[in-house]
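Below is my_file-v9.tsv, which holds TSV, C-alpha atoms.
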```
chain	number	residue	atom	x	y	z
A	4	MET	CA	-22.16	5.32	1.51
A	5	ILE	CA	-20.98	6.86	4.77
A	6	GLU	CA	-20.55	10.60	5.19
A	7	LEU	CA	-17.87	11.82	7.57
A	8	ASP	CA	-17.97	14.99	9.62
A	9	SER	CA	-14.92	17.11	10.35
A	10	ILE	CA	-14.22	15.37	13.68
A	11	ASP	CA	-14.23	11.95	11.99
A	12	ARG	CA	-11.78	13.30	9.46
A	13	LEU	CA	-9.42	14.63	12.11
A	14	ILE	CA	-9.51	11.29	13.93
A	15	LEU	CA	-8.90	9.37	10.69
A	16	ARG	CA	-6.01	11.60	9.81
A	17	GLU	CA	-4.38	10.86	13.18
A	18	LEU	CA	-4.97	7.10	12.89
A	19	VAL	CA	-3.61	6.96	9.35
A	20	ARG	CA	-0.48	8.71	10.59
A	21	ASP	CA	-0.09	6.47	13.65
A	22	ALA	CA	-2.67	3.84	14.53
A	23	THR	CA	-1.02	2.96	17.84
A	24	GLN	CA	-2.11	6.24	19.46
A	25	SER	CA	-4.57	5.90	22.34
A	26	ALA	CA	-8.00	7.51	22.26
A	27	SER	CA	-6.93	9.93	24.97
A	28	ALA	CA	-3.79	10.98	23.06
A	29	ILE	CA	-5.85	11.66	19.93
A	30	GLY	CA	-8.55	13.38	22.00
A	31	ARG	CA	-6.00	15.78	23.47
A	32	LYS	CA	-4.77	16.76	19.99
A	33	ILE	CA	-8.22	17.57	18.69
A	34	SER	CA	-9.69	18.88	21.98
A	35	LEU	CA	-12.16	16.08	22.53
A	36	SER	CA	-12.71	13.97	25.64
A	37	GLN	CA	-11.31	10.43	25.80
A	38	PRO	CA	-14.75	8.68	25.89
A	39	VAL	CA	-16.10	10.65	22.92
A	40	THR	CA	-12.94	10.01	20.89
A	41	TRP	CA	-13.00	6.33	21.83
A	42	ARG	CA	-16.65	5.97	20.74
A	43	ARG	CA	-15.91	7.66	17.41
A	44	ILE	CA	-12.96	5.35	16.74
A	45	GLN	CA	-15.06	2.28	17.57
A	46	ARG	CA	-17.77	3.50	15.21
A	47	LEU	CA	-15.33	4.12	12.36
A	48	ARG	CA	-13.96	0.60	12.77
A	49	LYS	CA	-17.39	-1.00	13.07
A	50	GLN	CA	-18.72	0.81	10.00
A	51	GLY	CA	-15.72	-0.45	8.08
A	52	VAL	CA	-14.38	3.03	7.29
A	53	ILE	CA	-11.18	1.76	8.92
A	54	ARG	CA	-10.62	-1.59	7.26
A	55	GLY	CA	-7.68	-2.59	9.45
A	56	ASN	CA	-4.11	-1.60	10.15
A	57	ARG	CA	-1.01	-1.88	8.06
A	58	LEU	CA	2.36	-2.48	9.67
A	59	ASP	CA	5.06	-0.69	7.73
A	60	LEU	CA	8.34	-2.60	7.97
A	61	SER	CA	11.65	-1.87	6.33
A	62	ASN	CA	11.92	-4.68	3.77
A	63	GLU	CA	15.59	-3.89	3.20
A	64	MET	CA	16.52	-4.22	6.87
A	65	LEU	CA	14.69	-7.53	7.04
A	66	GLY	CA	16.61	-8.96	4.10
A	67	TYR	CA	14.25	-8.23	1.21
A	68	GLY	CA	16.15	-5.65	-0.77
A	69	VAL	CA	14.26	-5.88	-4.05
A	70	THR	CA	10.62	-5.22	-4.93
A	71	VAL	CA	9.55	-5.64	-8.54
A	72	PHE	CA	6.20	-4.94	-10.15
A	73	LEU	CA	5.37	-7.28	-13.00
A	74	GLY	CA	2.81	-6.51	-15.67
A	75	ILE	CA	1.53	-9.77	-17.08
A	76	LYS	CA	-0.40	-10.51	-20.20
A	77	LEU	CA	-1.93	-13.94	-20.58
A	78	ALA	CA	-1.20	-15.84	-23.78
A	79	THR	CA	-4.56	-17.57	-23.80
A	80	LYS	CA	-7.71	-16.18	-22.31
A	81	GLY	CA	-10.81	-17.98	-21.24
A	82	ARG	CA	-12.59	-18.67	-17.99
A	83	VAL	CA	-10.56	-21.74	-17.17
A	84	SER	CA	-7.17	-20.23	-17.91
A	85	LEU	CA	-7.92	-17.18	-15.72
A	86	GLN	CA	-8.80	-19.42	-12.79
A	87	ASP	CA	-5.76	-21.65	-13.27
A	88	PHE	CA	-3.49	-18.66	-13.51
A	89	GLU	CA	-4.93	-16.96	-10.43
A	90	ARG	CA	-4.74	-20.09	-8.31
A	91	ALA	CA	-1.13	-20.73	-9.28
A	92	VAL	CA	0.07	-17.15	-8.92
A	93	CYS	CA	-1.51	-16.70	-5.47
A	94	ALA	CA	0.39	-19.76	-4.22
A	95	ILE	CA	3.82	-18.19	-4.86
A	96	PRO	CA	5.04	-16.83	-1.50
A	97	GLU	CA	7.21	-14.09	-3.04
A	98	VAL	CA	4.13	-12.65	-4.80
A	99	GLN	CA	2.62	-10.20	-2.33
A	100	THR	CA	-0.22	-8.74	-4.33
A	101	VAL	CA	-2.11	-9.80	-7.44
A	102	GLU	CA	-4.38	-7.28	-9.10
A	103	HIS	CA	-6.65	-7.90	-12.03
A	104	ILE	CA	-6.51	-4.82	-14.22
A	105	LEU	CA	-7.87	-3.45	-17.47
A	106	GLY	CA	-5.56	-1.88	-19.98
A	107	LEU	CA	-2.16	-2.82	-21.31
A	108	TYR	CA	-1.86	-5.87	-19.02
A	109	ASP	CA	-4.17	-8.43	-17.48
A	110	TYR	CA	-2.53	-8.66	-14.06
A	111	ARG	CA	-0.15	-6.71	-11.94
A	112	LEU	CA	2.01	-8.53	-9.39
A	113	ARG	CA	4.10	-7.17	-6.58
A	114	VAL	CA	7.06	-9.49	-6.03
A	115	ILE	CA	9.67	-9.34	-3.27
A	116	ALA	CA	13.11	-10.92	-3.38
A	117	ARG	CA	16.30	-10.87	-1.32
A	118	ASP	CA	18.36	-9.43	-4.18
A	119	ILE	CA	18.43	-9.35	-7.99
A	120	GLY	CA	19.80	-12.90	-8.17
A	121	ASP	CA	16.97	-14.14	-5.99
A	122	PHE	CA	14.49	-12.22	-8.15
A	123	GLU	CA	15.85	-13.95	-11.23
A	124	ARG	CA	15.24	-17.32	-9.57
A	125	VAL	CA	11.62	-16.36	-8.75
A	126	LEU	CA	11.06	-15.05	-12.26
A	127	ARG	CA	12.49	-18.10	-14.05
A	128	ARG	CA	11.32	-20.90	-11.82
A	129	ARG	CA	8.00	-19.55	-10.60
A	130	ILE	CA	6.61	-16.76	-12.76
A	131	MET	CA	7.63	-18.04	-16.19
A	132	ALA	CA	6.24	-21.46	-15.24
A	133	LEU	CA	2.72	-20.11	-14.58
A	134	PRO	CA	-0.04	-21.58	-16.75
A	135	GLY	CA	-1.07	-19.38	-19.66
A	136	ILE	CA	1.63	-16.76	-19.13
A	137	GLY	CA	2.39	-14.46	-22.07
A	138	ASP	CA	4.20	-11.13	-22.05
A	139	VAL	CA	5.90	-10.02	-18.86
A	140	GLU	CA	7.10	-6.50	-18.12
A	141	ALA	CA	9.24	-5.81	-15.07
A	142	ASN	CA	9.72	-2.52	-13.25
A	143	VAL	CA	12.00	-2.37	-10.22
A	144	LEU	CA	10.59	-0.29	-7.38
A	145	LEU	CA	12.88	2.57	-6.35
A	146	SER	CA	10.67	4.43	-3.90
A	147	GLU	CA	7.15	4.25	-2.62
A	148	GLU	CA	5.01	6.59	-0.59
A	149	ARG	CA	1.46	6.18	0.55
A	150	LEU	CA	-0.52	9.32	1.10
A	151	PRO	CA	-3.50	9.83	3.41
A	152	GLY	CA	-5.89	10.53	0.53
A	153	PRO	CA	-8.71	13.10	0.45
A	154	ILE	CA	-9.08	13.30	4.25
A	155	GLY	CA	-5.92	15.28	4.71
A	156	CYS	CA	-5.73	18.28	2.49
A	157	GLU	CA	-9.10	19.98	2.70
A	158	LEU	CA	-8.53	20.57	6.41
A	159	PRO	CA	-6.55	23.34	8.06
B	205	MET	CA	20.66	-8.18	14.14
B	206	LEU	CA	17.24	-9.48	15.13
B	207	ASP	CA	16.97	-12.36	17.57
B	208	ASP	CA	14.25	-14.99	17.88
B	209	THR	CA	12.13	-12.89	20.24
B	210	ASP	CA	12.17	-9.95	17.79
B	211	ARG	CA	11.17	-12.26	14.97
B	212	ARG	CA	8.36	-13.83	16.95
B	213	ILE	CA	7.02	-10.39	17.81
B	214	LEU	CA	7.26	-9.19	14.20
B	215	ARG	CA	5.62	-12.33	12.87
B	216	ALA	CA	2.62	-11.95	15.18
B	217	TYR	CA	2.46	-8.17	14.70
B	218	GLN	CA	2.55	-8.43	10.88
B	219	HIS	CA	-0.42	-10.76	10.79
B	220	GLU	CA	-2.48	-8.75	13.26
B	221	PRO	CA	-1.35	-5.12	13.42
B	222	CYS	CA	-4.52	-4.22	15.36
B	223	LEU	CA	-3.56	-6.31	18.41
B	224	ALA	CA	-3.43	-4.57	21.77
B	225	PRO	CA	0.08	-4.59	23.32
B	226	ILE	CA	-0.85	-7.19	25.92
B	227	ASP	CA	-2.28	-9.57	23.31
B	228	LEU	CA	0.70	-9.09	21.04
B	229	ALA	CA	3.07	-9.94	23.91
B	230	ASP	CA	0.98	-13.00	24.64
B	231	ARG	CA	0.99	-14.13	20.99
B	232	ALA	CA	4.77	-13.68	20.81
B	233	GLY	CA	5.37	-15.50	24.10
B	234	ALA	CA	7.08	-12.51	25.70
B	235	SER	CA	6.27	-10.36	28.72
B	236	LEU	CA	4.51	-7.06	28.14
B	237	ALA	CA	7.62	-5.16	29.24
B	238	THR	CA	9.96	-7.11	26.94
B	239	CYS	CA	7.60	-6.80	24.01
B	240	GLY	CA	7.25	-3.03	24.50
B	241	ARG	CA	11.02	-2.63	24.80
B	242	ARG	CA	11.70	-4.68	21.66
B	243	LEU	CA	9.08	-2.77	19.66
B	244	ARG	CA	10.63	0.55	20.68
B	245	LYS	CA	14.10	-0.69	19.78
B	246	MET	CA	12.97	-1.91	16.36
B	247	ALA	CA	11.20	1.40	15.75
B	248	ASP	CA	14.34	3.34	16.72
B	249	LYS	CA	16.46	1.26	14.36
B	250	GLY	CA	13.97	1.79	11.55
B	251	VAL	CA	12.93	-1.85	11.18
B	252	ILE	CA	9.38	-0.85	12.13
B	253	ARG	CA	8.50	2.33	10.28
B	254	GLY	CA	4.93	2.73	11.41
B	255	ASN	CA	1.50	1.29	11.97
B	256	HIS	CA	-1.20	2.96	9.91
B	257	ALA	CA	-4.97	2.70	9.74
B	258	ILE	CA	-6.24	1.62	6.31
B	259	ILE	CA	-9.24	3.56	5.03
B	260	ASP	CA	-11.84	1.75	2.94
B	261	TRP	CA	-12.46	4.38	0.28
B	262	ARG	CA	-15.27	2.40	-1.32
B	263	ILE	CA	-17.36	2.78	1.83
B	264	LEU	CA	-16.75	6.52	1.64
B	265	GLY	CA	-18.10	6.62	-1.90
B	266	TYR	CA	-14.88	6.37	-3.92
B	267	GLU	CA	-15.82	3.67	-6.42
B	268	VAL	CA	-13.08	4.08	-8.98
B	269	GLU	CA	-9.38	3.29	-8.66
B	270	VAL	CA	-7.07	4.05	-11.55
B	271	SER	CA	-3.33	3.49	-11.94
B	272	LEU	CA	-1.51	5.97	-14.09
B	273	ARG	CA	1.83	4.85	-15.44
B	274	ILE	CA	3.85	7.87	-16.33
B	275	THR	CA	6.98	8.39	-18.35
B	276	LEU	CA	8.81	11.62	-17.55
B	277	ASP	CA	10.87	13.88	-19.73
B	278	LYS	CA	14.20	13.00	-18.14
B	279	THR	CA	16.22	15.47	-20.18
B	280	ARG	CA	15.07	18.02	-17.59
B	281	PRO	CA	17.19	18.02	-14.44
B	282	GLY	CA	15.06	17.54	-11.33
B	283	ALA	CA	12.12	16.17	-13.31
B	284	PHE	CA	11.48	13.34	-10.80
B	285	ASP	CA	11.57	15.55	-7.72
B	286	GLU	CA	9.43	18.30	-9.22
B	287	PHE	CA	6.88	15.82	-10.51
B	288	VAL	CA	6.60	13.91	-7.22
B	289	GLY	CA	6.57	17.12	-5.17
B	290	ASN	CA	3.60	18.43	-7.15
B	291	ALA	CA	1.79	15.09	-7.19
B	292	ARG	CA	1.81	15.00	-3.37
B	293	ASN	CA	-0.51	18.02	-3.36
B	294	ILE	CA	-3.31	16.28	-5.24
B	295	PRO	CA	-5.49	14.79	-2.48
B	296	GLU	CA	-6.97	11.98	-4.60
B	297	ILE	CA	-3.52	10.47	-5.17
B	298	VAL	CA	-3.09	7.76	-2.56
B	299	GLU	CA	0.16	6.17	-3.73
B	300	ILE	CA	3.27	7.34	-5.56
B	301	GLN	CA	5.86	4.82	-6.69
B	302	THR	CA	9.01	5.42	-8.71
B	303	PHE	CA	10.62	2.73	-10.84
B	304	LEU	CA	13.61	1.63	-12.78
B	305	GLY	CA	12.24	0.16	-15.98
B	306	ARG	CA	9.92	1.06	-18.80
B	307	VAL	CA	7.78	3.23	-16.53
B	308	ASP	CA	9.14	6.04	-14.34
B	309	VAL	CA	6.30	6.73	-11.93
B	310	ARG	CA	3.02	5.14	-11.03
B	311	LEU	CA	0.22	7.06	-9.34
B	312	SER	CA	-2.79	5.43	-7.69
B	313	ILE	CA	-5.80	7.67	-7.93
B	314	ILE	CA	-9.19	7.26	-6.29
B	315	ALA	CA	-12.35	8.97	-7.54
B	316	ARG	CA	-16.06	8.87	-6.74
B	317	ASP	CA	-17.02	7.91	-10.30
B	318	MET	CA	-15.73	8.20	-13.85
B	319	ALA	CA	-16.86	11.81	-14.20
B	320	HIS	CA	-15.00	12.75	-11.04
B	321	TYR	CA	-11.93	10.87	-12.31
B	322	GLN	CA	-12.12	12.74	-15.59
B	323	GLU	CA	-12.20	16.03	-13.71
B	324	ILE	CA	-9.17	15.14	-11.56
B	325	TYR	CA	-7.32	13.96	-14.66
B	326	ARG	CA	-7.97	17.12	-16.63
B	327	THR	CA	-7.60	19.75	-13.94
B	328	ALA	CA	-4.88	18.26	-11.75
B	329	ILE	CA	-2.96	15.38	-13.32
B	330	LEU	CA	-2.37	16.93	-16.74
B	331	ASN	CA	-0.97	20.02	-15.01
B	332	LEU	CA	1.84	18.05	-13.38
B	333	PRO	CA	5.26	18.99	-14.77
B	334	HIS	CA	7.55	17.02	-17.12
B	335	ILE	CA	5.08	14.36	-18.29
B	336	ALA	CA	6.17	12.71	-21.55
B	337	ASP	CA	3.59	9.93	-21.68
B	338	ILE	CA	0.68	8.54	-19.64
B	339	GLU	CA	-0.99	5.14	-19.68
B	340	ALA	CA	-4.06	4.39	-17.59
B	341	LEU	CA	-4.94	1.05	-16.06
B	342	MET	CA	-8.23	0.40	-14.31
B	343	HIS	CA	-8.39	-1.82	-11.26
B	344	VAL	CA	-10.90	-4.61	-11.63
B	345	ALA	CA	-10.20	-6.72	-8.58
B	346	LYS	CA	-7.61	-7.48	-5.94
B	347	ILE	CA	-7.01	-11.23	-6.11
B	348	LYS	CA	-4.33	-11.40	-3.44
B	349	SER	CA	-3.11	-8.79	-1.00
B	350	ASN	CA	-0.65	-9.93	1.57
B	351	GLU	CA	2.37	-7.78	2.17
B	352	VAL	CA	3.58	-9.96	5.01
B	353	LEU	CA	7.29	-10.83	4.87
B	354	PRO	CA	8.43	-14.39	5.40
B	355	LEU	CA	10.52	-13.96	8.58
```

Could you write out this structure as structure tokens?
Amino acid sequence: MIELDSIDRLILRELVRDATQSASAIGRKISLSQPVTWRRIQRLRKQGVIRGNRLDLSNEMLGYGVTVFLGIKLATKGRVSLQDFERAVCAIPEVQTVEHILGLYDYRLRVIARDIGDFERVLRRRIMALPGIGDVEANVLLSEERLPGPIGCELP
Amino acid sequence: MLDDTDRRILRAYQHEPCLAPIDLADRAGASLATCGRRLRKMADKGVIRGNHAIIDWRILGYEVEVSLRITLDKTRPGAFDEFVGNARNIPEIVEIQTFLGRVDVRLSIIARDMAHYQEIYRTAILNLPHIADIEALMHVAKIKSNEVLPL
């Protein structure tokens, strides 16, 4: 486990807000020289504290107006059926994320579609045709916000 | 609205958001100046909303991730806004989504271990306003994670 100091946290907070900022721009904000800031950023990336970047695009403006989360319960469970299901579900291009969960459902899928009609096509032709599929619950995403997590709030 | 150059840039940028500007321009087959201009234009129009670093919370000692699916008491006016406004102040909440469906809100919560989760749940989550019902789901594994759009 890696412990962060307060400078690491300030740098992380800046990079989570906007990862395209240069080391010198971040350095100026937190009163640190460019080389020191740069070395810290490199270290955070190398240690894996920063796993990568995420580009945030407007799905609506790019023609994907609908995002639906599906909770899926498998009808039959067993090692083979889990593998078959996972392989088939990962191959569907409209399925962006597949999470294996514990609780009411076995899997949670994030599905994008151009509109509700397009979503219906994906649901009928792709999702309902998956091997071993049982109950499906759909929730249409209305809004989504990602928060910086526990690096943000404990700081001034 | 977007032309082929914009699409080429977005396609390359989506797959590798860590690319330096010069490499991105190269990947997209555009000059550095064109690429920079197009990126600014798409940001101004709101097509590109941001580029954010992703923190690996596991490396920082947060081993547990729980999804809470919450139903709100919608007979109260402003229940959504008040709930979400308060939830934003809990630092361990990393994602807030609102839905049309059986569930109203989903919160993603990270915690160091189950005891820490229990503490957050009791002292912070249960104090949020207008909760009618809560269901918890534990994350076991991410099988696929690819939020790239087919462009």

Any idea which chain A residues end up within 7 Å of chain B if we count only C-alpha atoms, as an mmCIF file with C-alpha atoms, in the coordinates of the input please?
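Saved the output as part_16.cif:
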```cif
data_model
loop_
_atom_site.group_PDB
_atom_site.id
_atom_site.type_symbol
_atom_site.label_atom_id
_atom_site.label_comp_id
_atom_site.auth_asym_id
_atom_site.auth_seq_id
_atom_site.Cartn_x
_atom_site.Cartn_y
_atom_site.Cartn_z
ATOM 1 C CA MET A 4 -22.160 5.320 1.510
ATOM 2 C CA ILE A 5 -20.980 6.860 4.770
ATOM 3 C CA GLU A 6 -20.550 10.600 5.190
ATOM 4 C CA LEU A 18 -4.970 7.100 12.890
ATOM 5 C CA VAL A 19 -3.610 6.960 9.350
ATOM 6 C CA ARG A 20 -0.480 8.710 10.590
ATOM 7 C CA ASP A 21 -0.090 6.470 13.650
ATOM 8 C CA ALA A 22 -2.670 3.840 14.530
ATOM 9 C CA THR A 23 -1.020 2.960 17.840
ATOM 10 C CA GLY A 51 -15.720 -0.450 8.080
ATOM 11 C CA VAL A 52 -14.380 3.030 7.290
ATOM 12 C CA ILE A 53 -11.180 1.760 8.920
ATOM 13 C CA ARG A 54 -10.620 -1.590 7.260
ATOM 14 C CA GLY A 55 -7.680 -2.590 9.450
ATOM 15 C CA ASN A 56 -4.110 -1.600 10.150
ATOM 16 C CA ARG A 57 -1.010 -1.880 8.060
ATOM 17 C CA LEU A 58 2.360 -2.480 9.670
ATOM 18 C CA ASP A 59 5.060 -0.690 7.730
ATOM 19 C CA LEU A 60 8.340 -2.600 7.970
ATOM 20 C CA SER A 61 11.650 -1.870 6.330
ATOM 21 C CA MET A 64 16.520 -4.220 6.870
ATOM 22 C CA CYS A 93 -1.510 -16.700 -5.470
ATOM 23 C CA GLN A 99 2.620 -10.200 -2.330
ATOM 24 C CA THR A 100 -0.220 -8.740 -4.330
ATOM 25 C CA VAL A 101 -2.110 -9.800 -7.440
ATOM 26 C CA GLU A 102 -4.380 -7.280 -9.100
ATOM 27 C CA HIS A 103 -6.650 -7.900 -12.030
ATOM 28 C CA ILE A 104 -6.510 -4.820 -14.220
ATOM 29 C CA LEU A 105 -7.870 -3.450 -17.470
ATOM 30 C CA GLY A 106 -5.560 -1.880 -19.980
ATOM 31 C CA ALA A 141 9.240 -5.810 -15.070
ATOM 32 C CA ASN A 142 9.720 -2.520 -13.250
ATOM 33 C CA VAL A 143 12.000 -2.370 -10.220
ATOM 34 C CA LEU A 144 10.590 -0.290 -7.380
ATOM 35 C CA LEU A 145 12.880 2.570 -6.350
ATOM 36 C CA SER A 146 10.670 4.430 -3.900
ATOM 37 C CA GLU A 147 7.150 4.250 -2.620
ATOM 38 C CA GLU A 148 5.010 6.590 -0.590
ATOM 39 C CA ARG A 149 1.460 6.180 0.550
ATOM 40 C CA LEU A 150 -0.520 9.320 1.100
ATOM 41 C CA PRO A 151 -3.500 9.830 3.410
ATOM 42 C CA GLY A 152 -5.890 10.530 0.530
ATOM 43 C CA PRO A 153 -8.710 13.100 0.450
ATOM 44 C CA CYS A 156 -5.730 18.280 2.490
#
```

Legend entry - Å distance separating atom CA of A:Lys32 from atom CA of A:Lys49, one decimal place: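 Interatomic distance, atom CA of A:Lys32 to atom CA of A:Lys49: 22.9 Å.
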
Grab all the atoms of stretch 26-35 of chain A that the file lists, wrap them in a box along x, y and z, add 6 Å per side, and give me centre plus edge lengths in Å (one decimal) as lines of an AutoDock Vina configuration file.
```
center_x = -8.0
center_y = 13.2
center_z = 21.8
size_x = 20.4
size_y = 23.4
size_z = 18.3
```

Legend entry - Straight-line distance linking atom CA of A:Thr79 with atom CA of A:Leu133, stated in Å to one decimal: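 Here the two named atoms are 12.0 Å from each other.
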
Inset, instruction - Would you mind reading off the distance between atom CA of A:Ile136 and atom CA of A:Leu77, one decimal, in Å? - result: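 The value is 4.8 Å.
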
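Closest approach to A:Arg42 among A:Ser27, A:Ser84, A:Asn62, A:Thr70: A:Ser27, based on only C-alpha atoms.
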
Inset, instruction - Give as an MDAnalysis selection string each residue that has an atom at most 10 Å from (6.0, -16.4, 24.8) in the file, counting all atoms listed in the file. - result: chainID B and resid 209 212:213 228:235 239

Generate the output file for the selected residues, C-alpha atoms, as a PDB file, in the coordinates of the input.
```
ATOM      1  CA  THR B 209      12.130 -12.890  20.240  1.00  0.00           C
ATOM      2  CA  ARG B 212       8.360 -13.830  16.950  1.00  0.00           C
ATOM      3  CA  ILE B 213       7.020 -10.390  17.810  1.00  0.00           C
ATOM      4  CA  LEU B 228       0.700  -9.090  21.040  1.00  0.00           C
ATOM      5  CA  ALA B 229       3.070  -9.940  23.910  1.00  0.00           C
ATOM      6  CA  ASP B 230       0.980 -13.000  24.640  1.00  0.00           C
ATOM      7  CA  ARG B 231       0.990 -14.130  20.990  1.00  0.00           C
ATOM      8  CA  ALA B 232       4.770 -13.680  20.810  1.00  0.00           C
ATOM      9  CA  GLY B 233       5.370 -15.500  24.100  1.00  0.00           C
ATOM     10  CA  ALA B 234       7.080 -12.510  25.700  1.00  0.00           C
ATOM     11  CA  SER B 235       6.270 -10.360  28.720  1.00  0.00           C
ATOM     12  CA  CYS B 239       7.600  -6.800  24.010  1.00  0.00           C
TER      13      CYS B 239
END
```

Model the absent atoms of stretch 7-22 of chain A so that N, CA and C atoms are present, and write the result as an mmCIF file, keeping the file's coordinate frame.
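Listing of result12.cif after writing:
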```
data_model
loop_
_atom_site.group_PDB
_atom_site.id
_atom_site.type_symbol
_atom_site.label_atom_id
_atom_site.label_comp_id
_atom_site.auth_asym_id
_atom_site.auth_seq_id
_atom_site.Cartn_x
_atom_site.Cartn_y
_atom_site.Cartn_z
ATOM 1 N N LEU A 7 -18.651 11.507 6.388
ATOM 2 C CA LEU A 7 -17.870 11.820 7.570
ATOM 3 C C LEU A 7 -18.032 13.280 7.936
ATOM 4 N N ASP A 8 -18.017 13.580 9.254
ATOM 5 C CA ASP A 8 -17.970 14.990 9.620
ATOM 6 C C ASP A 8 -16.510 15.379 9.898
ATOM 7 N N SER A 9 -16.311 16.643 10.262
ATOM 8 C CA SER A 9 -14.920 17.110 10.350
ATOM 9 C C SER A 9 -14.169 16.447 11.515
ATOM 10 N N ILE A 10 -14.903 16.057 12.568
ATOM 11 C CA ILE A 10 -14.220 15.370 13.680
ATOM 12 C C ILE A 10 -13.762 13.977 13.242
ATOM 13 N N ASP A 11 -14.636 13.267 12.530
ATOM 14 C CA ASP A 11 -14.230 11.950 11.990
ATOM 15 C C ASP A 11 -12.962 12.089 11.162
ATOM 16 N N ARG A 12 -12.929 13.115 10.347
ATOM 17 C CA ARG A 12 -11.780 13.300 9.460
ATOM 18 C C ARG A 12 -10.494 13.559 10.236
ATOM 19 N N LEU A 13 -10.605 14.369 11.297
ATOM 20 C CA LEU A 13 -9.420 14.630 12.110
ATOM 21 C C LEU A 13 -8.927 13.351 12.782
ATOM 22 N N ILE A 14 -9.886 12.557 13.276
ATOM 23 C CA ILE A 14 -9.510 11.290 13.930
ATOM 24 C C ILE A 14 -8.858 10.357 12.918
ATOM 25 N N LEU A 15 -9.463 10.245 11.735
ATOM 26 C CA LEU A 15 -8.900 9.370 10.690
ATOM 27 C C LEU A 15 -7.497 9.793 10.328
ATOM 28 N N ARG A 16 -7.324 11.106 10.206
ATOM 29 C CA ARG A 16 -6.010 11.600 9.810
ATOM 30 C C ARG A 16 -4.947 11.189 10.842
ATOM 31 N N GLU A 17 -5.316 11.270 12.124
ATOM 32 C CA GLU A 17 -4.380 10.860 13.180
ATOM 33 C C GLU A 17 -4.095 9.359 13.105
ATOM 34 N N LEU A 18 -5.146 8.556 12.892
ATOM 35 C CA LEU A 18 -4.970 7.100 12.890
ATOM 36 C C LEU A 18 -4.211 6.615 11.655
ATOM 37 N N VAL A 19 -4.362 7.333 10.547
ATOM 38 C CA VAL A 19 -3.610 6.960 9.350
ATOM 39 C C VAL A 19 -2.120 7.275 9.575
ATOM 40 N N ARG A 20 -1.870 8.359 10.293
ATOM 41 C CA ARG A 20 -0.480 8.710 10.590
ATOM 42 C C ARG A 20 0.138 7.685 11.558
ATOM 43 N N ASP A 21 -0.594 7.415 12.656
ATOM 44 C CA ASP A 21 -0.090 6.470 13.650
ATOM 45 C C ASP A 21 -1.267 5.803 14.355
ATOM 46 N N ALA A 22 -1.493 4.546 14.005
ATOM 47 C CA ALA A 22 -2.670 3.840 14.530
ATOM 48 C C ALA A 22 -2.463 3.328 15.947
#
```
